[in-house]
file data-v4.txt (compact mmCIF, C-alpha atoms (C1' of nucleotides))
# COMPACT_ATOMS: atom_id res chain seq x y z
CA MET A 1 58.43 57.55 134.30
CA SER A 2 57.71 54.14 135.77
CA GLU A 3 60.75 51.94 135.56
CA PRO A 4 61.57 51.15 132.00
CA GLY A 5 64.02 48.85 133.71
CA ALA A 6 67.25 47.81 132.12
CA GLY A 7 65.62 47.83 128.71
CA ALA A 8 68.19 49.24 126.36
CA LYS A 9 65.87 50.82 123.86
CA GLN A 10 68.40 51.98 121.37
CA GLY A 11 71.49 50.24 120.21
CA GLY A 12 72.73 49.40 123.68
CA GLU A 13 73.04 53.06 124.83
CA ASN A 14 70.95 54.06 127.80
CA LEU A 15 68.99 57.08 126.68
CA LEU A 16 66.81 57.56 129.72
CA PHE A 17 68.27 61.00 130.22
CA LEU A 18 66.48 62.06 127.05
CA THR A 19 62.94 61.30 128.16
CA ASP A 20 60.42 64.12 128.04
CA GLU A 21 60.20 63.94 131.79
CA GLN A 22 63.93 64.50 132.16
CA LEU A 23 63.82 67.32 129.68
CA ARG A 24 60.97 68.99 131.54
CA LYS A 25 62.89 68.75 134.79
CA GLY A 26 65.80 70.39 133.04
CA ILE A 27 63.54 73.20 131.88
CA GLU A 28 62.28 73.78 135.38
CA ALA A 29 65.76 73.63 136.80
CA MET A 30 66.81 76.36 134.40
CA PHE A 31 63.85 78.50 135.38
CA PHE A 32 64.31 78.21 139.13
CA ALA A 33 68.06 78.48 139.06
CA TYR A 34 68.04 81.50 136.80
CA ARG A 35 65.62 83.25 139.11
CA ALA A 36 67.90 82.69 142.06
CA PHE A 37 70.88 83.67 139.97
CA THR A 38 69.49 87.11 139.14
CA ALA A 39 67.91 87.71 142.53
CA ASP A 40 71.10 88.69 144.38
CA PRO A 41 72.29 91.50 142.12
CA ASP A 42 68.69 92.65 141.70
CA ARG A 43 68.48 93.12 145.43
CA ILE A 44 71.57 95.32 145.38
CA LEU A 45 70.37 97.24 142.36
CA GLU A 46 67.06 98.23 143.88
CA GLY A 47 67.58 101.48 145.65
CA LEU A 48 70.39 102.37 143.28
CA ALA A 49 69.21 104.09 140.13
CA TYR A 50 70.16 101.08 138.00
CA GLY A 51 68.55 97.89 136.85
CA ARG A 52 69.40 94.53 135.46
CA ALA A 53 70.20 96.01 132.09
CA HIS A 54 72.91 98.20 133.60
CA HIS A 55 74.36 95.21 135.36
CA ARG A 56 74.69 93.28 132.13
CA ALA A 57 76.34 96.15 130.32
CA VAL A 58 78.80 96.68 133.12
CA HIS A 59 79.54 92.97 133.28
CA PHE A 60 80.54 92.68 129.64
CA ILE A 61 82.47 95.93 129.54
CA ASN A 62 84.45 94.61 132.46
CA ARG A 63 85.05 91.31 130.74
CA GLN A 64 86.24 92.85 127.53
CA PRO A 65 87.47 96.38 128.13
CA GLY A 66 87.52 98.48 125.00
CA LEU A 67 84.80 96.59 123.19
CA THR A 68 82.78 98.68 120.77
CA VAL A 69 79.14 99.62 121.12
CA ASN A 70 78.26 97.34 118.24
CA THR A 71 79.96 94.37 119.82
CA LEU A 72 78.23 94.97 123.11
CA LEU A 73 74.98 95.27 121.23
CA SER A 74 75.27 91.85 119.70
CA VAL A 75 76.50 90.24 122.89
CA LEU A 76 73.56 91.60 124.82
CA GLY A 77 71.13 90.91 122.03
CA VAL A 78 69.14 94.12 122.36
CA THR A 79 68.51 97.08 120.09
CA LYS A 80 70.80 100.06 120.10
CA GLN A 81 67.98 102.25 121.38
CA SER A 82 67.58 100.01 124.35
CA LEU A 83 71.29 99.81 125.07
CA ASN A 84 71.74 103.50 124.53
CA ARG A 85 69.41 104.46 127.33
CA VAL A 86 71.42 102.32 129.68
CA LEU A 87 74.81 103.36 128.41
CA ARG A 88 73.96 107.04 128.51
CA THR A 89 73.18 106.99 132.21
CA LEU A 90 76.28 104.94 132.95
CA ILE A 91 78.41 107.47 131.07
CA GLU A 92 76.69 110.49 132.61
CA ASP A 93 77.18 109.02 136.06
CA GLY A 94 80.83 108.38 135.37
CA LEU A 95 80.77 104.59 135.54
CA VAL A 96 81.69 104.05 131.92
CA GLU A 97 83.90 106.05 129.62
CA THR A 98 84.19 105.95 125.86
CA ARG A 99 87.24 106.45 123.70
CA VAL A 100 87.12 107.17 120.03
CA GLY A 101 88.68 104.41 117.94
CA ARG A 102 92.19 105.03 116.63
CA LYS A 103 91.79 103.02 113.48
CA ASP A 104 88.13 103.78 112.90
CA LYS A 105 87.08 107.05 114.45
CA ARG A 106 83.39 106.16 114.16
CA GLU A 107 83.76 103.49 116.78
CA ARG A 108 83.44 104.12 120.50
CA HIS A 109 85.39 101.82 122.75
CA LEU A 110 83.92 101.25 126.17
CA TYR A 111 85.78 101.11 129.47
CA LEU A 112 84.77 101.01 133.11
CA THR A 113 86.00 103.82 135.31
CA GLU A 114 87.14 102.96 138.81
CA LYS A 115 83.65 103.79 140.02
CA GLY A 116 82.15 101.49 137.40
CA ALA A 117 84.55 98.73 138.29
CA ALA A 118 83.55 99.10 141.92
CA LEU A 119 79.88 98.59 141.11
CA GLU A 120 80.75 95.67 138.87
CA ARG A 121 82.66 94.03 141.69
CA GLU A 122 79.85 94.50 144.14
CA LEU A 123 77.22 93.07 141.83
CA SER A 124 79.31 90.25 140.55
CA GLU A 125 80.49 89.29 143.99
CA ALA A 126 76.89 88.66 145.00
CA GLN A 127 76.42 86.51 141.97
CA ARG A 128 79.73 84.73 142.34
CA ALA A 129 78.98 83.91 145.95
CA ARG A 130 75.93 81.95 144.92
CA MET A 131 77.75 80.34 142.04
CA ARG A 132 80.64 79.45 144.30
CA SER A 133 78.45 77.77 146.83
CA ALA A 134 76.61 75.83 144.13
CA TYR A 135 79.92 74.77 142.58
CA ARG A 136 81.28 73.71 145.91
CA ALA A 137 78.16 71.74 146.74
CA ALA A 138 78.11 69.96 143.40
CA GLY A 139 81.82 69.36 142.93
CA PRO A 140 84.22 69.73 140.01
CA SER A 141 82.90 67.05 137.71
CA ALA A 142 79.33 68.27 138.08
CA VAL A 143 80.59 71.74 137.26
CA ALA A 144 82.20 70.46 134.10
CA GLY A 145 78.92 68.85 133.06
CA PHE A 146 77.02 72.00 133.92
CA ARG A 147 79.25 74.03 131.65
CA GLU A 148 79.05 71.50 128.83
CA VAL A 149 75.27 71.41 128.79
CA LEU A 150 74.93 75.19 128.96
CA GLU A 151 77.42 75.59 126.17
CA ALA A 152 75.55 73.11 124.00
CA MET A 153 72.37 75.03 124.65
CA MET A 154 73.65 78.38 123.39
CA ASP A 155 73.00 79.77 119.96
CA PRO A 156 76.02 79.13 117.74
CA ASP A 157 77.04 82.78 117.39
CA LEU A 158 77.12 83.39 121.10
CA ARG A 159 78.74 80.05 121.73
CA ARG A 160 81.57 81.15 119.45
CA TYR A 161 81.89 84.38 121.40
CA TYR A 162 81.69 82.53 124.70
CA THR A 163 84.32 79.96 123.84
CA ALA A 164 86.55 82.62 122.33
CA MET A 165 86.61 84.43 125.69
CA LYS A 166 87.41 81.17 127.37
CA ASP A 167 89.12 80.46 129.77
CA GLY A 168 91.46 82.79 131.49
CA SER A 169 92.40 80.30 134.15
CA ALA A 170 95.55 78.21 134.02
CA MET B 1 91.28 73.13 126.99
CA SER B 2 93.22 74.83 129.74
CA GLU B 3 94.80 71.80 131.48
CA PRO B 4 94.77 72.82 135.12
CA GLY B 5 97.52 70.27 135.52
CA ALA B 6 98.30 68.54 138.78
CA GLY B 7 98.57 71.77 140.76
CA ALA B 8 96.94 70.95 144.07
CA LYS B 9 96.64 74.31 145.77
CA GLN B 10 94.75 73.45 148.88
CA GLY B 11 95.04 70.50 151.20
CA GLY B 12 95.35 68.02 148.37
CA GLU B 13 91.95 68.94 146.85
CA ASN B 14 92.05 70.67 143.51
CA LEU B 15 89.90 73.76 143.88
CA LEU B 16 90.67 75.41 140.58
CA PHE B 17 87.02 75.16 139.62
CA LEU B 18 86.29 77.76 142.27
CA THR B 19 88.45 80.53 140.87
CA ASP B 20 86.77 83.82 140.14
CA GLU B 21 87.49 83.27 136.49
CA GLN B 22 85.65 79.96 136.51
CA LEU B 23 82.77 81.51 138.38
CA ARG B 24 82.55 84.33 135.88
CA LYS B 25 82.47 81.88 133.02
CA GLY B 26 79.64 80.11 134.77
CA ILE B 27 77.77 83.39 135.08
CA GLU B 28 78.16 84.06 131.39
CA ALA B 29 77.19 80.53 130.49
CA MET B 30 73.97 80.97 132.46
CA PHE B 31 73.25 84.23 130.71
CA PHE B 32 73.82 83.01 127.17
CA ALA B 33 72.17 79.66 127.68
CA TYR B 34 69.11 81.16 129.29
CA ARG B 35 68.71 83.53 126.40
CA ALA B 36 68.76 80.69 123.93
CA PHE B 37 66.49 78.68 126.16
CA THR B 38 63.73 81.28 126.13
CA ALA B 39 64.19 82.30 122.50
CA ASP B 40 62.36 79.37 120.92
CA PRO B 41 59.05 79.68 122.76
CA ASP B 42 59.29 83.46 122.48
CA ARG B 43 59.41 83.11 118.73
CA ILE B 44 56.23 81.05 118.76
CA LEU B 45 54.54 83.40 121.19
CA GLU B 46 55.09 86.47 119.09
CA GLY B 47 52.13 86.80 116.79
CA LEU B 48 49.96 85.00 119.31
CA ALA B 49 48.41 87.26 121.89
CA TYR B 50 50.55 85.76 124.65
CA GLY B 51 53.94 86.31 126.17
CA ARG B 52 56.52 84.62 128.30
CA ALA B 53 54.42 85.08 131.41
CA HIS B 54 51.58 83.10 129.84
CA HIS B 55 54.00 80.37 128.90
CA ARG B 56 55.21 80.02 132.45
CA ALA B 57 51.71 79.86 133.88
CA VAL B 58 50.68 77.24 131.36
CA HIS B 59 53.83 75.24 132.02
CA PHE B 60 53.23 74.92 135.74
CA ILE B 61 49.51 74.30 135.46
CA ASN B 62 50.36 71.46 133.12
CA ARG B 63 52.93 70.10 135.53
CA GLN B 64 50.64 70.14 138.49
CA PRO B 65 47.02 70.13 137.37
CA GLY B 66 44.64 71.43 140.01
CA LEU B 67 47.16 73.59 141.79
CA THR B 68 45.69 76.64 143.49
CA VAL B 69 46.24 80.24 142.51
CA ASN B 70 48.27 80.81 145.65
CA THR B 71 50.57 77.92 144.90
CA LEU B 72 51.11 79.08 141.35
CA LEU B 73 51.80 82.53 142.73
CA SER B 74 54.63 81.35 144.91
CA VAL B 75 56.07 79.06 142.27
CA LEU B 76 56.18 81.87 139.75
CA GLY B 77 57.34 84.42 142.29
CA VAL B 78 55.18 87.29 141.11
CA THR B 79 52.41 89.32 142.68
CA LYS B 80 48.82 88.23 142.36
CA GLN B 81 48.00 91.34 140.36
CA SER B 82 50.64 90.41 137.86
CA LEU B 83 49.55 86.79 137.64
CA ASN B 84 45.92 87.76 137.50
CA ARG B 85 46.31 89.72 134.31
CA VAL B 86 47.84 86.68 132.68
CA LEU B 87 45.44 84.16 134.15
CA ARG B 88 42.42 86.20 133.21
CA THR B 89 43.25 86.20 129.53
CA LEU B 90 44.04 82.50 129.61
CA ILE B 91 40.67 81.77 131.20
CA GLU B 92 38.76 84.13 128.91
CA ASP B 93 40.37 82.50 125.90
CA GLY B 94 39.49 79.07 127.17
CA LEU B 95 43.01 77.75 127.71
CA VAL B 96 42.67 77.40 131.46
CA GLU B 97 39.69 76.50 133.59
CA THR B 98 39.17 76.92 137.32
CA ARG B 99 37.26 74.70 139.68
CA VAL B 100 36.15 75.74 143.13
CA GLY B 101 37.81 73.72 145.87
CA ARG B 102 35.73 70.96 147.45
CA LYS B 103 37.33 71.20 150.85
CA ASP B 104 37.92 74.93 150.83
CA LYS B 105 35.57 76.77 148.54
CA ARG B 106 37.72 79.88 148.56
CA GLU B 107 40.36 78.12 146.57
CA ARG B 108 40.38 77.95 142.79
CA HIS B 109 42.09 74.94 141.28
CA LEU B 110 43.62 75.47 137.87
CA TYR B 111 43.50 73.08 134.92
CA LEU B 112 44.46 73.31 131.29
CA THR B 113 41.71 72.76 128.76
CA GLU B 114 42.53 70.73 125.67
CA LYS B 115 43.24 73.99 123.90
CA GLY B 116 45.57 75.05 126.70
CA ALA B 117 47.30 71.71 126.67
CA ALA B 118 47.83 72.05 122.92
CA LEU B 119 49.58 75.39 123.37
CA GLU B 120 51.64 74.01 126.21
CA ARG B 121 52.78 71.14 124.03
CA GLU B 122 53.74 73.41 121.19
CA LEU B 123 55.74 75.76 123.39
CA SER B 124 57.37 73.10 125.44
CA GLU B 125 58.26 71.02 122.42
CA ALA B 126 60.30 73.92 121.08
CA GLN B 127 62.06 74.18 124.39
CA ARG B 128 62.52 70.46 124.81
CA ALA B 129 64.02 70.18 121.35
CA ARG B 130 66.82 72.51 122.33
CA MET B 131 67.25 70.82 125.68
CA ARG B 132 67.28 67.42 124.02
CA SER B 133 69.98 68.37 121.59
CA ALA B 134 72.09 69.91 124.34
CA TYR B 135 71.63 66.82 126.50
CA ARG B 136 72.54 64.56 123.62
CA ALA B 137 75.62 66.59 122.79
CA ALA B 138 76.84 66.66 126.38
CA GLY B 139 75.95 63.14 127.43
CA PRO B 140 74.33 61.62 130.52
CA SER B 141 76.98 62.34 133.09
CA ALA B 142 77.24 65.97 132.04
CA VAL B 143 73.47 66.19 132.33
CA ALA B 144 73.63 64.86 135.86
CA GLY B 145 76.19 67.52 136.74
CA PHE B 146 74.12 70.19 135.07
CA ARG B 147 71.13 69.27 137.19
CA GLU B 148 73.16 69.13 140.39
CA VAL B 149 74.64 72.58 139.95
CA LEU B 150 71.32 74.16 139.02
CA GLU B 151 69.66 72.55 141.98
CA ALA B 152 72.34 73.81 144.32
CA MET B 153 71.85 77.27 142.91
CA MET B 154 68.12 77.52 143.65
CA ASP B 155 66.63 79.24 146.64
CA PRO B 156 65.79 76.67 149.32
CA ASP B 157 62.01 77.06 149.09
CA LEU B 158 61.92 76.50 145.38
CA ARG B 159 64.46 73.72 145.62
CA ARG B 160 62.09 71.95 147.96
CA TYR B 161 59.26 72.39 145.52
CA TYR B 162 61.47 71.31 142.64
CA THR B 163 62.75 68.16 144.30
CA ALA B 164 59.28 67.32 145.55
CA MET B 165 58.03 67.26 141.98
CA LYS B 166 60.98 65.08 141.13
CA ASP B 167 61.44 62.83 139.24
CA GLY B 168 59.12 60.59 137.54
CA SER B 169 61.94 58.67 135.94
CA ALA B 170 63.72 55.69 137.44
C1' DC C 1 27.28 83.32 165.92
C1' DT C 2 30.24 86.88 165.39
C1' DT C 3 34.54 88.23 164.04
C1' DG C 4 39.14 87.91 162.15
C1' DG C 5 41.84 86.39 158.58
C1' DA C 6 42.79 83.88 154.24
C1' DA C 7 42.00 83.18 149.13
C1' DA C 8 40.88 85.31 145.25
C1' DG C 9 39.84 89.11 142.16
C1' DT C 10 40.00 93.91 140.70
C1' DC C 11 41.19 99.00 139.82
C1' DA C 12 44.64 102.43 139.32
C1' DA C 13 49.15 104.22 138.92
C1' DC C 14 53.76 103.54 137.95
C1' DA C 15 58.75 101.56 136.59
C1' DT C 16 61.66 98.93 133.70
C1' DG C 17 63.31 97.26 129.75
C1' DA C 18 62.24 95.57 125.64
C1' DC C 19 60.48 96.98 120.72
C1' DT C 20 59.73 99.79 116.01
C1' DG C 21 60.33 103.66 113.05
C1' DA C 22 62.40 107.82 111.70
C1' DC C 23 66.10 110.75 111.49
C1' DA C 24 70.97 113.04 112.26
C1' DT C 25 75.98 113.17 112.24
C1' DA C 26 80.49 111.71 111.36
C1' DA C 27 83.68 108.88 109.17
C1' DT C 28 84.97 105.08 106.28
C1' DA C 29 84.81 102.64 101.90
C1' DT C 30 83.79 102.28 96.99
C1' DA D 1 81.10 111.98 95.00
C1' DT D 2 78.27 108.65 96.91
C1' DA D 3 76.96 104.80 99.62
C1' DT D 4 77.42 102.56 103.82
C1' DT D 5 78.62 101.98 108.64
C1' DA D 6 78.75 103.26 113.57
C1' DT D 7 76.70 105.85 116.73
C1' DG D 8 73.26 108.57 118.92
C1' DT D 9 68.60 110.35 119.58
C1' DC D 10 63.35 111.32 119.69
C1' DA D 11 58.88 109.43 120.03
C1' DG D 12 55.62 105.98 120.74
C1' DT D 13 54.28 101.29 122.13
C1' DC D 14 54.13 96.87 124.63
C1' DA D 15 54.85 93.23 128.18
C1' DT D 16 55.58 92.46 132.63
C1' DG D 17 56.66 93.56 136.87
C1' DT D 18 55.60 96.59 141.17
C1' DT D 19 52.45 99.13 145.33
C1' DG D 20 48.41 100.29 147.44
C1' DA D 21 43.60 100.07 148.25
C1' DC D 22 39.39 97.71 148.30
C1' DT D 23 35.74 93.84 147.67
C1' DT D 24 33.69 89.29 148.00
C1' DT D 25 33.56 84.89 149.66
C1' DC D 26 34.45 81.69 152.87
C1' DC D 27 36.78 79.16 156.80
C1' DA D 28 37.89 78.95 161.59
C1' DA D 29 38.38 80.27 166.28
C1' DG D 30 36.64 82.97 169.97

call {"tool": "encode", "arguments": {"input": "data-v4.txt", "output": "structure tokens"}}
result
Amino acid sequence: MSEPGAGAKQGGENLLFLTDEQLRKGIEAMFFAYRAFTADPDRILEGLAYGRAHHRAVHFINRQPGLTVNTLLSVLGVTKQSLNRVLRTLIEDGLVETRVGRKDKRERHLYLTEKGAALERELSEAQRARMRSAYRAAGPSAVAGFREVLEAMMDPDLRRYYTAMKDGSA
Amino acid sequence: MSEPGAGAKQGGENLLFLTDEQLRKGIEAMFFAYRAFTADPDRILEGLAYGRAHHRAVHFINRQPGLTVNTLLSVLGVTKQSLNRVLRTLIEDGLVETRVGRKDKRERHLYLTEKGAALERELSEAQRARMRSAYRAAGPSAVAGFREVLEAMMDPDLRRYYTAMKDGSA
DNA sequence: CTTGGAAAGTCAACATGACTGACATAATAT
DNA sequence: ATATTATGTCAGTCATGTTGACTTTCCAAG
């Protein structure tokens, strides 16, 4: 706060973006943006018999068809009991199907059915619409910065997973 | 990574950053980063008799000392019954104090006590440490982009609140 | 000055999505 | 043969959100 002026505090680099005030604004930005980010699919989900947890499961099964329960577990960062409740209803309702592993028959590989894929599309389209409009408003170089900061913020394990799934496009 | 090349699809502007794939990566980045972002204070909170909801209340009371219950309610986006449970324990434990409004005596203005401020500092320092290291790793222009995209993603009401509290710095 | 509405607080009931702990089954690995 | 892994399940608990109903206090407009 309050105009530190052109005073280069450290070695000539301008480190104003690392002030506590800037960091606190970043924290608030994360909070408000994340709320908006989850609000759209939540609105669709209410009324349906599913919640945010189902959305997340469906999202990652769509992203990586055939992933095992264990993998999904660590990506979502919840206990198997918690995931199981969600997965069971998705399977019972015919949104997700499991196939026994060929190499290791203990493993269950998860796939979306057409019905599951349809729900995924509906939910993710709501979310993508907001993301799209934010991206458009901010422009490509802001988007690049956005992605860089978020990536640097992740825990190393999930960052590895995240970057491994990268990028798809071009 | 991924070299979108010189392929100008639309009217000369390169809009590759708006592909569904890019949007989906943004969605995942938000998910993973937010998880990491809340993990540090959550770790501190466990063991203490407080949770994430207490953290949020304390954060915003610290940011805007003297705000009313109604204001906090709309910033947090929860019902008064939900907030009240949290606020009550914070007041009982002497972390937050209320003062009756001078102009309007129906209003209660919220303030952190020294004890409350101490908890706020501890929690927010954990969060700021992660934010600081992400900011440092990504650099100032990435940080600017990060903030722009998040801001564009917020719901208009909260964006107004957020930008009104801005910026302190420079 | 009465009356309507706003700000705050509370009680009760309920839903969701986390958690732990314990246990079962099947299949792989040693 | 035995240990370990992957999955699934039952039961209980907790944190945090929700609705709905109701009270008290106080401001403001008729």

call {"tool": "closest_atom_pairs", "arguments": {"input": "data-v4.txt", "of": "chain D", "to": "chain A", "cutoff": "8 Å", "atoms": "all atoms listed in the file", "output": "Markdown table"}}
result
| residue | atom | partner | partner_atom | distance |
| --- | --- | --- | --- | --- |
| D:DA6 | C1' | A:Arg106 | CA | 5.5 |
| D:DT7 | C1' | A:Arg106 | CA | 7.2 |
| D:DG8 | C1' | A:Asn84 | CA | 7.7 |

call {"tool": "calpha_fit_rmsd", "arguments": {"input": "data-v4.txt", "fixed": "chain B", "moving": "chain A"}}
result
1.5 Å

call {"tool": "closest_atom_pairs", "arguments": {"input": "data-v4.txt", "of": "chain C", "to": "chain B", "cutoff": "12 Å", "atoms": "all atoms listed in the file", "output": "Markdown table"}}
result
| residue | atom | partner | partner_atom | distance |
| --- | --- | --- | --- | --- |
| C:DA6 | C1' | B:Arg106 | CA | 8.6 |
| C:DA7 | C1' | B:Arg106 | CA | 5.4 |
| C:DA8 | C1' | B:Arg106 | CA | 7.1 |
| C:DG9 | C1' | B:Asn84 | CA | 7.8 |
| C:DT10 | C1' | B:Gln81 | CA | 8.4 |
| C:DC11 | C1' | B:Gln81 | CA | 10.3 |
| C:DA12 | C1' | B:Gln81 | CA | 11.6 |
| C:DC19 | C1' | B:Glu46 | CA | 11.9 |

call {"tool": "residues_around", "arguments": {"input": "data-v4.txt", "residues": "DA13 of chain C", "least_positions_apart": "3", "cutoff": "12 Å", "atoms": "all atoms listed in the file", "output": "number ranges by chain"}}
result
D: 18-21

call {"tool": "interface_residues", "arguments": {"input": "data-v4.txt", "of": "chain B", "to": "chain A", "cutoff": "8 Å", "atoms": "all atoms listed in the file", "output": "PDB file with C-alpha atoms, keeping the file's coordinate frame"}}
result
ATOM      1  CA  SER B   2      93.220  74.830 129.740  1.00  0.00           C
ATOM      2  CA  GLU B   3      94.800  71.800 131.480  1.00  0.00           C
ATOM      3  CA  PRO B   4      94.770  72.820 135.120  1.00  0.00           C
ATOM      4  CA  LEU B  15      89.900  73.760 143.880  1.00  0.00           C
ATOM      5  CA  PHE B  17      87.020  75.160 139.620  1.00  0.00           C
ATOM      6  CA  LEU B  18      86.290  77.760 142.270  1.00  0.00           C
ATOM      7  CA  THR B  19      88.450  80.530 140.870  1.00  0.00           C
ATOM      8  CA  ASP B  20      86.770  83.820 140.140  1.00  0.00           C
ATOM      9  CA  GLU B  21      87.490  83.270 136.490  1.00  0.00           C
ATOM     10  CA  GLN B  22      85.650  79.960 136.510  1.00  0.00           C
ATOM     11  CA  LEU B  23      82.770  81.510 138.380  1.00  0.00           C
ATOM     12  CA  ARG B  24      82.550  84.330 135.880  1.00  0.00           C
ATOM     13  CA  LYS B  25      82.470  81.880 133.020  1.00  0.00           C
ATOM     14  CA  GLY B  26      79.640  80.110 134.770  1.00  0.00           C
ATOM     15  CA  ILE B  27      77.770  83.390 135.080  1.00  0.00           C
ATOM     16  CA  GLU B  28      78.160  84.060 131.390  1.00  0.00           C
ATOM     17  CA  ALA B  29      77.190  80.530 130.490  1.00  0.00           C
ATOM     18  CA  MET B  30      73.970  80.970 132.460  1.00  0.00           C
ATOM     19  CA  PHE B  32      73.820  83.010 127.170  1.00  0.00           C
ATOM     20  CA  ALA B  33      72.170  79.660 127.680  1.00  0.00           C
ATOM     21  CA  TYR B  34      69.110  81.160 129.290  1.00  0.00           C
ATOM     22  CA  ARG B  35      68.710  83.530 126.400  1.00  0.00           C
ATOM     23  CA  ALA B  36      68.760  80.690 123.930  1.00  0.00           C
ATOM     24  CA  PHE B  37      66.490  78.680 126.160  1.00  0.00           C
ATOM     25  CA  GLN B 127      62.060  74.180 124.390  1.00  0.00           C
ATOM     26  CA  ARG B 128      62.520  70.460 124.810  1.00  0.00           C
ATOM     27  CA  ARG B 130      66.820  72.510 122.330  1.00  0.00           C
ATOM     28  CA  MET B 131      67.250  70.820 125.680  1.00  0.00           C
ATOM     29  CA  ARG B 132      67.280  67.420 124.020  1.00  0.00           C
ATOM     30  CA  SER B 133      69.980  68.370 121.590  1.00  0.00           C
ATOM     31  CA  ALA B 134      72.090  69.910 124.340  1.00  0.00           C
ATOM     32  CA  TYR B 135      71.630  66.820 126.500  1.00  0.00           C
ATOM     33  CA  ARG B 136      72.540  64.560 123.620  1.00  0.00           C
ATOM     34  CA  ALA B 137      75.620  66.590 122.790  1.00  0.00           C
ATOM     35  CA  ALA B 138      76.840  66.660 126.380  1.00  0.00           C
ATOM     36  CA  PRO B 140      74.330  61.620 130.520  1.00  0.00           C
ATOM     37  CA  SER B 141      76.980  62.340 133.090  1.00  0.00           C
ATOM     38  CA  ALA B 142      77.240  65.970 132.040  1.00  0.00           C
ATOM     39  CA  VAL B 143      73.470  66.190 132.330  1.00  0.00           C
ATOM     40  CA  ALA B 144      73.630  64.860 135.860  1.00  0.00           C
ATOM     41  CA  GLY B 145      76.190  67.520 136.740  1.00  0.00           C
ATOM     42  CA  PHE B 146      74.120  70.190 135.070  1.00  0.00           C
ATOM     43  CA  ARG B 147      71.130  69.270 137.190  1.00  0.00           C
ATOM     44  CA  GLU B 148      73.160  69.130 140.390  1.00  0.00           C
ATOM     45  CA  VAL B 149      74.640  72.580 139.950  1.00  0.00           C
ATOM     46  CA  LEU B 150      71.320  74.160 139.020  1.00  0.00           C
ATOM     47  CA  GLU B 151      69.660  72.550 141.980  1.00  0.00           C
ATOM     48  CA  ALA B 152      72.340  73.810 144.320  1.00  0.00           C
ATOM     49  CA  MET B 153      71.850  77.270 142.910  1.00  0.00           C
ATOM     50  CA  MET B 154      68.120  77.520 143.650  1.00  0.00           C
ATOM     51  CA  ASP B 155      66.630  79.240 146.640  1.00  0.00           C
ATOM     52  CA  LEU B 158      61.920  76.500 145.380  1.00  0.00           C
ATOM     53  CA  ARG B 159      64.460  73.720 145.620  1.00  0.00           C
ATOM     54  CA  TYR B 162      61.470  71.310 142.640  1.00  0.00           C
ATOM     55  CA  LYS B 166      60.980  65.080 141.130  1.00  0.00           C
ATOM     56  CA  ASP B 167      61.440  62.830 139.240  1.00  0.00           C
ATOM     57  CA  GLY B 168      59.120  60.590 137.540  1.00  0.00           C
ATOM     58  CA  SER B 169      61.940  58.670 135.940  1.00  0.00           C
ATOM     59  CA  ALA B 170      63.720  55.690 137.440  1.00  0.00           C
TER      60      ALA B 170
END

call {"tool": "residues_around", "arguments": {"input": "data-v4.txt", "residues": "DA29 of chain C", "least_positions_apart": "2", "cutoff": "12 Å", "atoms": "all atoms listed in the file", "output": "PyMOL selection string"}}
result
(chain A and resi 104) or (chain C and resi 27) or (chain D and resi 2-5)

call {"tool": "atom_distance", "arguments": {"input": "data-v4.txt", "atom1": "atom CA of Leu45 of chain B", "atom2": "atom CA of Ser82 of chain A"}}
result
21.4 Å

call {"tool": "atom_distance", "arguments": {"input": "data-v4.txt", "atom1": "atom C1' of DC23 of chain C", "atom2": "atom CA of Glu92 of chain A"}}
result
23.6 Å

call {"tool": "atom_distance", "arguments": {"input": "data-v4.txt", "atom1": "atom CA of Leu73 of chain A", "atom2": "atom CA of Gly47 of chain A"}}
result
26.3 Å

call {"tool": "residues_around", "arguments": {"input": "data-v4.txt", "residues": "Gly116 of chain B", "least_positions_apart": "5", "cutoff": "8 Å", "atoms": "all atoms listed in the file", "output": "PyMOL selection string"}}
result
chain B and resi 58+94-96

call {"tool": "axis_aligned_box", "arguments": {"input": "data-v4.txt", "around": "segment 142-156 of chain A", "padding_each_side": "3 Å", "output": "AutoDock Vina command-line options"}}
result
--center_x 77.3 --center_y 74.0 --center_z 127.9 --size_x 15.8 --size_y 17.5 --size_z 26.3

call {"tool": "residues_around", "arguments": {"input": "data-v4.txt", "residues": "DT16 of chain C", "least_positions_apart": "6", "cutoff": "12 Å", "atoms": "only C-alpha atoms (C1' of nucleotides)", "output": "number ranges by chain"}}
result
A: 46, 49-54, 82, 85-86; D: 14-18
